[in-house]
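Worksheet: one structure, shown below.
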Amino acid sequence: MVAVAAPGQQPRLLQYRKSLIFGGIILAWLVLWVLLRNVGTLSLGAADLTPLHRWVNDVNDAVGASRNSNPVFLYFFNEIRLVIDEFVTFIQALIAQPSFGRPVPVIGWLGVVAIAGFVSLVVAGWRVALLAVAGFVFLGLQGLWQESMDTLSLTLAAVVISLLIGIPLGIWAGLSDRANKVLTPVLDFMQTMPTFVYLAPLTLFFLIGPASATIATLIYAAPPAIRITAHAIRSVPRNTVEASESLGATRKQTLVKVLLPSARKTIVLGVNQTIMAALSMVTIAALIDAPGLGKTVVKALQTLDVGTAFNAGLAIVVLAIVLDRVTTAATERRKLPRWALFGGLGVTGVCVYLSYTYLWAAEFQSDVEIGSSINKGAAAVTEWAQDSLPVLTNGFKDFVTFALINPLQALLAESPWFLVALVIVAVSFMIGGVRPAVISAVCVALLIATGLWQDSMITLASTLVATIMVMLLGIVVGVWMGRSRRADRFIRPVLDAAQVMPAFVYLVPFLALFSASRFTAIIAAVVFAAPVAIKIIADGIRAVSPATVEASTALGSSSWQTIVKVQLPMARGALTLAANQGLIYVLSMVVVGGLVGAGALGYDVVAGFSQGQLYGKGLAAGLAIVVLGVMLDRLTQAAAKRWTN
């Protein structure tokens, strides 16, 4: 008599078998790590270079020597740089820098505040207009008016160019399936790349300065505009388009009079995302000599001046909140009364005239400022925290360091490269099959080729630790939000506000609490990545059918059992998506942490900008970051596809 297994037992047996194989791989890795520790780790000293790094340095030198004689540079790269530099300089001349023989900009602080208020009033209403006016005045009171206007100038220049490129491409992708198929993988790749990676290659072709910063920013900020515009066009109901065509409208008329008006709200959301991405990138572009608040933050972080970093970081947050609220509110169509429109226009015109004519309205008075008080207050709080909270902060830091960071880093960085490579490929095959395994093998080969294998493993360890912490936090808070409407109403606005802040800002408070270390970068990465993971998990939990939850409760399940056995398993697609996004966010932030002692690839990139002889190594580190991002992204996508199926 032959026993036949029940159909439902087969997947479970297969799952147990895979778990055993996975456990066997990890056990074998640990045993071999003990036997082969520190053998074949491909370590490289901080000042050491590989032949690839030296070759890149030689290329950089050759490019510099031929920049003004090579036709490719004379008639292409130099021309692009010149045009963008002129555009940025023009905007700076209007609101940020002394220009046209004047000791002050064309439009002084009073005119800028009035323009910001009027534009906000027209597109967003009087409440947001008050917020914009208060926010811009606060920037002046901080003593950071010129730095803020430099940041705003670069952001506006990058956004204008990004939208001029992005919206037409988005419309094309929305109308053409072929264009959408071509652009989608390119956009996926661009959005996977951490922000640092854009900087080094661009300096090779465009040097350092505002032009390179603007080009890097528009490249980073364009994908949201393209993707969201394409989605908006494709989301217009098909019957609406067919009705227009049946009435004899041409394709151009259908686009202008039907598709674009119907997609307006979503396209404005794309503009919002482009602006926020541009502001985030402009602050990081301070590493390639972009003027503005980012440069102030970078200098303060490098000297561990928490007070100055906090004041400048606060200015970035204020600017981000104002820009976000104005563009978010602009998604709703508003009709301003004629008297308010012309009255606001008149007041704005008077303020612009005053700011052009009188020094008191052009240059923010330096004797009216609160920035020094903010600096001293932040420094005092930092000193108090470091003196009064070392038991808590050091205890938490030591626990995470010794329980998670050190063991995982030792396993990855002190194992032979071929052993780690074999484990990565084997795990990739188990997760997704042949294709992910091949991608992982190629990525491993590229990491070895960069000459930065050990630094890559240290960065990978930090990324994995931070992602584990993000997922733990995401599950706890996300489940709470998903099960409680009240919690969601309270927490979601906080998460939305947190996502507005550029990456630099997250380093400042944790630098004050934990000083400069890799742990500071990891915790900042956790807080930076947690909002997106929490919201994805909360939405996944809420999407579980209420009838299923009620059935579980009716069968006597406790809240804990309902969460663990019903809601989390049914929201596994959201969990894997949260892990995917968390990894990408964490990787970008761990690299930024190179400014506060994170070391590894982040340090290599920063050193490449500041030390000419390490340029090639910094560029190789940027490539290694991209490779890590691609490998982790593809693995988590494969896991999501297999798990949800």
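By order in the structure tokens, chains are A, B, ...; within a chain, residues start at 1; ligands start at 1, following the order shown.
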Backbone-only DSSP, alpha helix (DSSP H) members of stretch 349-439 of chain A, as a PyMOL selection string
chain A and resi 349-357+359-362+371-388+390-400+406-413+417-432+434-439
Could you name the residues that touch stretch 118-123 of chain A at 8 Å or less, counting only C-alpha atoms, but leaving out those on the same chain fewer than 5 positions away, as a ChimeraX atom specification?
/A:128-129,132,326-327,329-330,333-334,336,341,344-345,348
So that I can check the surroundings of stretch 303-318 of chain A, please list as a ChimeraX atom specification every protein, DNA and RNA residue that reaches within 7 Å of it, counting only C-alpha atoms and ignoring chain neighbours fewer than 4 positions away.
/A:135,139,293,296-297,299,322,371,374-376,378-379,501,505,508,512
With all heavy atoms retained, export the selected residues as an mmCIF file, in the first residue's frame.
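Output file result01.cif follows:
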```cif
data_model
loop_
_atom_site.group_PDB
_atom_site.id
_atom_site.type_symbol
_atom_site.label_atom_id
_atom_site.label_comp_id
_atom_site.auth_asym_id
_atom_site.auth_seq_id
_atom_site.Cartn_x
_atom_site.Cartn_y
_atom_site.Cartn_z
ATOM 1 N N GLY A 135 8.503 80.746 7.375
ATOM 2 C CA GLY A 135 9.675 79.900 7.156
ATOM 3 C C GLY A 135 10.839 80.668 6.571
ATOM 4 O O GLY A 135 11.981 80.543 7.040
ATOM 5 N N LEU A 139 14.633 81.627 8.205
ATOM 6 C CA LEU A 139 15.945 81.373 7.600
ATOM 7 C C LEU A 139 16.863 82.577 7.789
ATOM 8 O O LEU A 139 18.063 82.426 8.069
ATOM 9 C CB LEU A 139 15.788 81.065 6.112
ATOM 10 C CG LEU A 139 15.012 79.795 5.735
ATOM 11 C CD1 LEU A 139 14.844 79.708 4.226
ATOM 12 C CD2 LEU A 139 15.705 78.555 6.260
ATOM 13 N N LEU A 293 23.583 75.552 2.174
ATOM 14 C CA LEU A 293 23.486 74.980 3.516
ATOM 15 C C LEU A 293 24.242 73.663 3.634
ATOM 16 O O LEU A 293 24.764 73.340 4.700
ATOM 17 C CB LEU A 293 22.013 74.765 3.866
ATOM 18 C CG LEU A 293 21.164 76.039 3.980
ATOM 19 C CD1 LEU A 293 19.687 75.686 4.032
ATOM 20 C CD2 LEU A 293 21.563 76.836 5.226
ATOM 21 N N THR A 296 27.769 74.135 4.711
ATOM 22 C CA THR A 296 27.861 74.446 6.143
ATOM 23 C C THR A 296 27.749 73.186 6.984
ATOM 24 O O THR A 296 28.493 72.991 7.948
ATOM 25 C CB THR A 296 26.747 75.437 6.537
ATOM 26 O OG1 THR A 296 26.834 76.599 5.710
ATOM 27 C CG2 THR A 296 26.868 75.838 7.993
ATOM 28 N N VAL A 297 26.812 72.299 6.614
ATOM 29 C CA VAL A 297 26.636 71.050 7.364
ATOM 30 C C VAL A 297 27.869 70.166 7.231
ATOM 31 O O VAL A 297 28.346 69.596 8.223
ATOM 32 C CB VAL A 297 25.380 70.302 6.872
ATOM 33 C CG1 VAL A 297 25.264 68.945 7.555
ATOM 34 C CG2 VAL A 297 24.125 71.112 7.152
ATOM 35 N N LYS A 299 31.041 70.951 6.589
ATOM 36 C CA LYS A 299 32.164 71.484 7.368
ATOM 37 C C LYS A 299 31.953 71.254 8.861
ATOM 38 O O LYS A 299 32.884 70.910 9.589
ATOM 39 C CB LYS A 299 32.336 72.975 7.080
ATOM 40 C CG LYS A 299 32.864 73.281 5.683
ATOM 41 C CD LYS A 299 33.034 74.784 5.473
ATOM 42 C CE LYS A 299 33.599 75.086 4.098
ATOM 43 N NZ LYS A 299 33.738 76.553 3.863
ATOM 44 N N VAL A 322 8.583 73.954 3.776
ATOM 45 C CA VAL A 322 7.882 74.984 3.004
ATOM 46 C C VAL A 322 7.651 74.515 1.570
ATOM 47 O O VAL A 322 6.532 74.582 1.035
ATOM 48 C CB VAL A 322 8.668 76.305 3.027
ATOM 49 C CG1 VAL A 322 8.065 77.302 2.039
ATOM 50 C CG2 VAL A 322 8.667 76.907 4.429
ATOM 51 N N GLY A 371 20.444 82.608 15.295
ATOM 52 C CA GLY A 371 21.273 81.461 14.939
ATOM 53 C C GLY A 371 22.318 81.133 15.986
ATOM 54 O O GLY A 371 22.546 79.957 16.306
ATOM 55 N N ILE A 374 20.742 79.335 18.790
ATOM 56 C CA ILE A 374 20.454 77.943 18.425
ATOM 57 C C ILE A 374 21.733 77.120 18.480
ATOM 58 O O ILE A 374 21.745 75.983 18.990
ATOM 59 C CB ILE A 374 19.821 77.882 17.026
ATOM 60 C CG1 ILE A 374 18.447 78.553 17.038
ATOM 61 C CG2 ILE A 374 19.690 76.439 16.549
ATOM 62 C CD1 ILE A 374 17.805 78.655 15.666
ATOM 63 N N ASN A 375 22.836 77.684 17.958
ATOM 64 C CA ASN A 375 24.127 76.987 18.016
ATOM 65 C C ASN A 375 24.518 76.662 19.449
ATOM 66 O O ASN A 375 24.888 75.522 19.775
ATOM 67 C CB ASN A 375 25.222 77.852 17.376
ATOM 68 C CG ASN A 375 25.082 77.946 15.879
ATOM 69 O OD1 ASN A 375 24.206 77.322 15.294
ATOM 70 N ND2 ASN A 375 25.943 78.729 15.245
ATOM 71 N N LYS A 376 24.448 77.680 20.314
ATOM 72 C CA LYS A 376 24.852 77.476 21.711
ATOM 73 C C LYS A 376 23.925 76.492 22.410
ATOM 74 O O LYS A 376 24.370 75.648 23.192
ATOM 75 C CB LYS A 376 24.852 78.820 22.442
ATOM 76 C CG LYS A 376 25.934 79.783 21.972
ATOM 77 C CD LYS A 376 25.828 81.134 22.677
ATOM 78 C CE LYS A 376 26.872 82.113 22.163
ATOM 79 N NZ LYS A 376 26.744 83.454 22.798
ATOM 80 N N ALA A 378 22.154 74.024 21.016
ATOM 81 C CA ALA A 378 22.421 72.668 20.535
ATOM 82 C C ALA A 378 23.722 72.129 21.116
ATOM 83 O O ALA A 378 23.812 70.949 21.497
ATOM 84 C CB ALA A 378 22.480 72.659 19.008
ATOM 85 N N ALA A 379 24.744 73.001 21.194
ATOM 86 C CA ALA A 379 26.016 72.568 21.781
ATOM 87 C C ALA A 379 25.854 72.226 23.249
ATOM 88 O O ALA A 379 26.424 71.241 23.741
ATOM 89 C CB ALA A 379 27.065 73.665 21.592
ATOM 90 N N MET A 501 12.803 65.353 5.134
ATOM 91 C CA MET A 501 14.133 65.819 5.524
ATOM 92 C C MET A 501 15.228 65.138 4.706
ATOM 93 O O MET A 501 15.228 63.918 4.551
ATOM 94 C CB MET A 501 14.360 65.550 7.018
ATOM 95 C CG MET A 501 13.457 66.356 7.929
ATOM 96 S SD MET A 501 13.916 66.271 9.672
ATOM 97 C CE MET A 501 13.632 64.559 10.041
ATOM 98 N N VAL A 505 20.507 65.646 7.444
ATOM 99 C CA VAL A 505 19.913 66.138 8.686
ATOM 100 C C VAL A 505 19.881 65.050 9.753
ATOM 101 O O VAL A 505 19.994 65.327 10.948
ATOM 102 C CB VAL A 505 18.502 66.678 8.407
ATOM 103 C CG1 VAL A 505 17.821 67.134 9.687
ATOM 104 C CG2 VAL A 505 18.572 67.823 7.406
ATOM 105 N N VAL A 508 22.930 64.649 12.375
ATOM 106 C CA VAL A 508 23.262 65.635 13.407
ATOM 107 C C VAL A 508 22.856 65.193 14.814
ATOM 108 O O VAL A 508 23.693 65.174 15.722
ATOM 109 C CB VAL A 508 22.658 67.007 13.058
ATOM 110 C CG1 VAL A 508 22.963 68.018 14.156
ATOM 111 C CG2 VAL A 508 23.190 67.504 11.723
ATOM 112 N N ALA A 512 25.392 63.970 18.043
ATOM 113 C CA ALA A 512 25.387 64.529 19.398
ATOM 114 C C ALA A 512 25.269 63.439 20.449
ATOM 115 O O ALA A 512 25.895 63.515 21.513
ATOM 116 C CB ALA A 512 24.232 65.524 19.533
#
```
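When only C-alpha atoms are used to compute distances to A:Gly40, the closest of the residues A:Ala461, A:Ser545, A:Pro416, A:Val592 turns out to be A:Pro416.
Among A:Pro509, A:Gly111, A:Gly482, A:Gly140, the residue with the shortest atom-to-atom distance to A:Val350, counting only C-alpha atoms, is A:Gly111.
Restricting the calculation to only C-alpha atoms, the smallest distance between A:Gly618 and any of A:Leu460, A:Leu323, A:Val56, A:Leu279 is found for A:Val56.
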Neighbouring residues of A:Met276 were defined as those with any atom within 9 Å, considering only C-alpha atoms; residues of the same chain fewer than 6 positions away were excluded. Please report them as a VMD selection string.
chain A and resid 155 221 320 323 to 324 500 to 502
Work out how far apart atom CA of A:Val605 and atom CA of A:Leu49 are and give it in Å to one decimal.
13.6 Å
Spatial neighbours of A:Ser366, 12 Å, only C-alpha atoms, chain gap at least 3 places, as a list in words
Gly140, Leu141, Gln142, Gly143, Leu144, Trp145, Gln146, Trp360, Glu363, Glu369, Ile370, Gly371 and Ser372 of chain A
Could you take the residues named above and write them with N, CA and C atoms, as a PDB file, in the first residue's frame?
```
ATOM      1  N   GLY A 140      16.310  83.777   7.633  1.00  0.00           N
ATOM      2  CA  GLY A 140      17.109  84.984   7.850  1.00  0.00           C
ATOM      3  C   GLY A 140      17.487  85.162   9.305  1.00  0.00           C
ATOM      4  N   LEU A 141      16.534  84.888  10.196  1.00  0.00           N
ATOM      5  CA  LEU A 141      16.818  85.024  11.627  1.00  0.00           C
ATOM      6  C   LEU A 141      17.897  84.047  12.081  1.00  0.00           C
ATOM      7  N   GLN A 142      18.035  82.942  11.386  1.00  0.00           N
ATOM      8  CA  GLN A 142      19.086  81.979  11.733  1.00  0.00           C
ATOM      9  C   GLN A 142      20.475  82.468  11.333  1.00  0.00           C
ATOM     10  N   GLY A 143      20.523  83.569  10.587  1.00  0.00           N
ATOM     11  CA  GLY A 143      21.812  84.044  10.091  1.00  0.00           C
ATOM     12  C   GLY A 143      22.310  83.262   8.894  1.00  0.00           C
ATOM     13  N   LEU A 144      21.392  82.585   8.191  1.00  0.00           N
ATOM     14  CA  LEU A 144      21.765  81.718   7.075  1.00  0.00           C
ATOM     15  C   LEU A 144      21.006  82.101   5.801  1.00  0.00           C
ATOM     16  N   TRP A 145      20.713  83.395   5.649  1.00  0.00           N
ATOM     17  CA  TRP A 145      19.911  83.787   4.495  1.00  0.00           C
ATOM     18  C   TRP A 145      20.616  83.493   3.176  1.00  0.00           C
ATOM     19  N   GLN A 146      21.868  83.931   3.036  1.00  0.00           N
ATOM     20  CA  GLN A 146      22.560  83.728   1.765  1.00  0.00           C
ATOM     21  C   GLN A 146      22.760  82.251   1.485  1.00  0.00           C
ATOM     22  N   TRP A 360      18.313  98.000   3.702  1.00  0.00           N
ATOM     23  CA  TRP A 360      17.668  97.313   4.815  1.00  0.00           C
ATOM     24  C   TRP A 360      16.686  96.239   4.338  1.00  0.00           C
ATOM     25  N   GLU A 363      19.376  93.256   2.365  1.00  0.00           N
ATOM     26  CA  GLU A 363      20.292  92.414   3.132  1.00  0.00           C
ATOM     27  C   GLU A 363      19.717  92.202   4.522  1.00  0.00           C
ATOM     28  N   GLU A 369      19.236  88.263  14.814  1.00  0.00           N
ATOM     29  CA  GLU A 369      19.408  86.843  14.502  1.00  0.00           C
ATOM     30  C   GLU A 369      19.341  86.004  15.766  1.00  0.00           C
ATOM     31  N   ILE A 370      18.921  84.753  15.554  1.00  0.00           N
ATOM     32  CA  ILE A 370      18.822  83.796  16.665  1.00  0.00           C
ATOM     33  C   ILE A 370      19.699  82.572  16.407  1.00  0.00           C
ATOM     34  N   GLY A 371      20.444  82.608  15.295  1.00  0.00           N
ATOM     35  CA  GLY A 371      21.273  81.461  14.939  1.00  0.00           C
ATOM     36  C   GLY A 371      22.318  81.133  15.986  1.00  0.00           C
ATOM     37  N   SER A 372      22.961  82.187  16.546  1.00  0.00           N
ATOM     38  CA  SER A 372      23.995  81.930  17.561  1.00  0.00           C
ATOM     39  C   SER A 372      23.390  81.291  18.800  1.00  0.00           C
TER      40      SER A 372
END
```
Residue neighbourhood A:Val88, 9 Å, only C-alpha atoms, exclusion window fewer than 6 positions, as a PyMOL selection string
chain A and resi 153-154+156-158+210-211+214
Take the residues from that selection and put them in a file with N, CA and C atoms, as a PDB file, in the first residue's frame.
```pdb
ATOM      1  N   SER A 153      18.565  78.372  -4.967  1.00  0.00           N
ATOM      2  CA  SER A 153      18.912  78.652  -6.366  1.00  0.00           C
ATOM      3  C   SER A 153      19.283  77.374  -7.107  1.00  0.00           C
ATOM      4  N   LEU A 154      20.160  76.567  -6.505  1.00  0.00           N
ATOM      5  CA  LEU A 154      20.561  75.317  -7.146  1.00  0.00           C
ATOM      6  C   LEU A 154      19.381  74.364  -7.276  1.00  0.00           C
ATOM      7  N   LEU A 156      16.128  75.191  -7.532  1.00  0.00           N
ATOM      8  CA  LEU A 156      15.232  75.674  -8.583  1.00  0.00           C
ATOM      9  C   LEU A 156      15.814  75.403  -9.970  1.00  0.00           C
ATOM     10  N   ALA A 157      17.113  75.640 -10.131  1.00  0.00           N
ATOM     11  CA  ALA A 157      17.736  75.399 -11.441  1.00  0.00           C
ATOM     12  C   ALA A 157      17.619  73.927 -11.830  1.00  0.00           C
ATOM     13  N   ALA A 158      17.931  73.031 -10.881  1.00  0.00           N
ATOM     14  CA  ALA A 158      17.860  71.596 -11.168  1.00  0.00           C
ATOM     15  C   ALA A 158      16.430  71.145 -11.439  1.00  0.00           C
ATOM     16  N   PRO A 210      29.120  74.528  -8.828  1.00  0.00           N
ATOM     17  CA  PRO A 210      27.654  74.568  -8.950  1.00  0.00           C
ATOM     18  C   PRO A 210      27.113  73.845 -10.179  1.00  0.00           C
ATOM     19  N   ALA A 211      27.838  73.917 -11.305  1.00  0.00           N
ATOM     20  CA  ALA A 211      27.342  73.268 -12.518  1.00  0.00           C
ATOM     21  C   ALA A 211      27.264  71.758 -12.337  1.00  0.00           C
ATOM     22  N   THR A 214      24.489  70.871  -9.980  1.00  0.00           N
ATOM     23  CA  THR A 214      23.171  70.976 -10.609  1.00  0.00           C
ATOM     24  C   THR A 214      22.909  69.801 -11.536  1.00  0.00           C
TER      25      THR A 214
END
```
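Closest to A:Ala232 among A:Gly599, A:Gly540, A:Pro201, A:Gly270 is A:Gly270, based on only C-alpha atoms.
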Stretch 61-75 of chain A surroundings by only C-alpha atoms, 10 Å radius, close-in-sequence under 2 positions cut, as a PyMOL selection string:
chain A and resi 55-59+77-81+204-207+612
Can you write out the residues you just picked, keeping N, CA, C and O atoms, as a PDB file, in the first residue's frame?
```
ATOM      1  N   TRP A  55      44.868  53.599 -12.694  1.00  0.00           N
ATOM      2  CA  TRP A  55      44.452  53.847 -14.073  1.00  0.00           C
ATOM      3  C   TRP A  55      43.377  54.931 -14.125  1.00  0.00           C
ATOM      4  O   TRP A  55      43.424  55.819 -14.984  1.00  0.00           O
ATOM      5  N   VAL A  56      42.440  54.889 -13.192  1.00  0.00           N
ATOM      6  CA  VAL A  56      41.397  55.916 -13.140  1.00  0.00           C
ATOM      7  C   VAL A  56      42.022  57.278 -12.836  1.00  0.00           C
ATOM      8  O   VAL A  56      41.633  58.308 -13.410  1.00  0.00           O
ATOM      9  N   ASN A  57      43.010  57.306 -11.925  1.00  0.00           N
ATOM     10  CA  ASN A  57      43.713  58.564 -11.644  1.00  0.00           C
ATOM     11  C   ASN A  57      44.389  59.104 -12.903  1.00  0.00           C
ATOM     12  O   ASN A  57      44.366  60.312 -13.171  1.00  0.00           O
ATOM     13  N   ASP A  58      45.000  58.201 -13.674  1.00  0.00           N
ATOM     14  CA  ASP A  58      45.663  58.624 -14.912  1.00  0.00           C
ATOM     15  C   ASP A  58      44.640  59.174 -15.909  1.00  0.00           C
ATOM     16  O   ASP A  58      44.907  60.170 -16.598  1.00  0.00           O
ATOM     17  N   VAL A  59      43.485  58.505 -15.992  1.00  0.00           N
ATOM     18  CA  VAL A  59      42.428  58.994 -16.884  1.00  0.00           C
ATOM     19  C   VAL A  59      41.964  60.381 -16.449  1.00  0.00           C
ATOM     20  O   VAL A  59      41.770  61.283 -17.276  1.00  0.00           O
ATOM     21  N   PHE A  77      30.897  68.746 -23.525  1.00  0.00           N
ATOM     22  CA  PHE A  77      30.841  68.810 -22.058  1.00  0.00           C
ATOM     23  C   PHE A  77      31.041  70.235 -21.549  1.00  0.00           C
ATOM     24  O   PHE A  77      30.314  70.693 -20.655  1.00  0.00           O
ATOM     25  N   ASN A  78      32.021  70.943 -22.105  1.00  0.00           N
ATOM     26  CA  ASN A  78      32.259  72.308 -21.646  1.00  0.00           C
ATOM     27  C   ASN A  78      31.070  73.218 -21.959  1.00  0.00           C
ATOM     28  O   ASN A  78      30.742  74.123 -21.182  1.00  0.00           O
ATOM     29  N   GLU A  79      30.421  72.976 -23.097  1.00  0.00           N
ATOM     30  CA  GLU A  79      29.263  73.797 -23.464  1.00  0.00           C
ATOM     31  C   GLU A  79      28.087  73.531 -22.523  1.00  0.00           C
ATOM     32  O   GLU A  79      27.388  74.464 -22.102  1.00  0.00           O
ATOM     33  N   ILE A  80      27.867  72.264 -22.211  1.00  0.00           N
ATOM     34  CA  ILE A  80      26.801  71.928 -21.252  1.00  0.00           C
ATOM     35  C   ILE A  80      27.086  72.575 -19.911  1.00  0.00           C
ATOM     36  O   ILE A  80      26.202  73.190 -19.288  1.00  0.00           O
ATOM     37  N   ARG A  81      28.320  72.439 -19.472  1.00  0.00           N
ATOM     38  CA  ARG A  81      28.705  73.027 -18.190  1.00  0.00           C
ATOM     39  C   ARG A  81      28.520  74.538 -18.212  1.00  0.00           C
ATOM     40  O   ARG A  81      28.021  75.135 -17.241  1.00  0.00           O
ATOM     41  N   LEU A 204      34.450  64.178 -13.138  1.00  0.00           N
ATOM     42  CA  LEU A 204      35.428  63.840 -14.171  1.00  0.00           C
ATOM     43  C   LEU A 204      35.167  64.642 -15.447  1.00  0.00           C
ATOM     44  O   LEU A 204      36.100  65.093 -16.122  1.00  0.00           O
ATOM     45  N   PHE A 205      33.890  64.856 -15.763  1.00  0.00           N
ATOM     46  CA  PHE A 205      33.533  65.530 -17.019  1.00  0.00           C
ATOM     47  C   PHE A 205      33.219  67.019 -16.839  1.00  0.00           C
ATOM     48  O   PHE A 205      33.405  67.809 -17.765  1.00  0.00           O
ATOM     49  N   PHE A 206      32.736  67.398 -15.658  1.00  0.00           N
ATOM     50  CA  PHE A 206      32.264  68.772 -15.471  1.00  0.00           C
ATOM     51  C   PHE A 206      32.983  69.520 -14.351  1.00  0.00           C
ATOM     52  O   PHE A 206      32.561  70.616 -13.976  1.00  0.00           O
ATOM     53  N   LEU A 207      34.046  68.942 -13.783  1.00  0.00           N
ATOM     54  CA  LEU A 207      34.771  69.531 -12.668  1.00  0.00           C
ATOM     55  C   LEU A 207      33.856  69.662 -11.446  1.00  0.00           C
ATOM     56  O   LEU A 207      32.710  69.217 -11.455  1.00  0.00           O
ATOM     57  N   GLY A 612      43.159  64.235  -4.066  1.00  0.00           N
ATOM     58  CA  GLY A 612      43.269  63.949  -5.492  1.00  0.00           C
ATOM     59  C   GLY A 612      43.850  62.586  -5.797  1.00  0.00           C
ATOM     60  O   GLY A 612      43.421  61.913  -6.743  1.00  0.00           O
TER      61      GLY A 612
END
```
Choose the residue, out of A:Gly602, A:Gly474, A:Pro493, A:Pro291, that has the smallest atom-to-atom separation from A:Leu575; count only C-alpha atoms.
A:Gly474
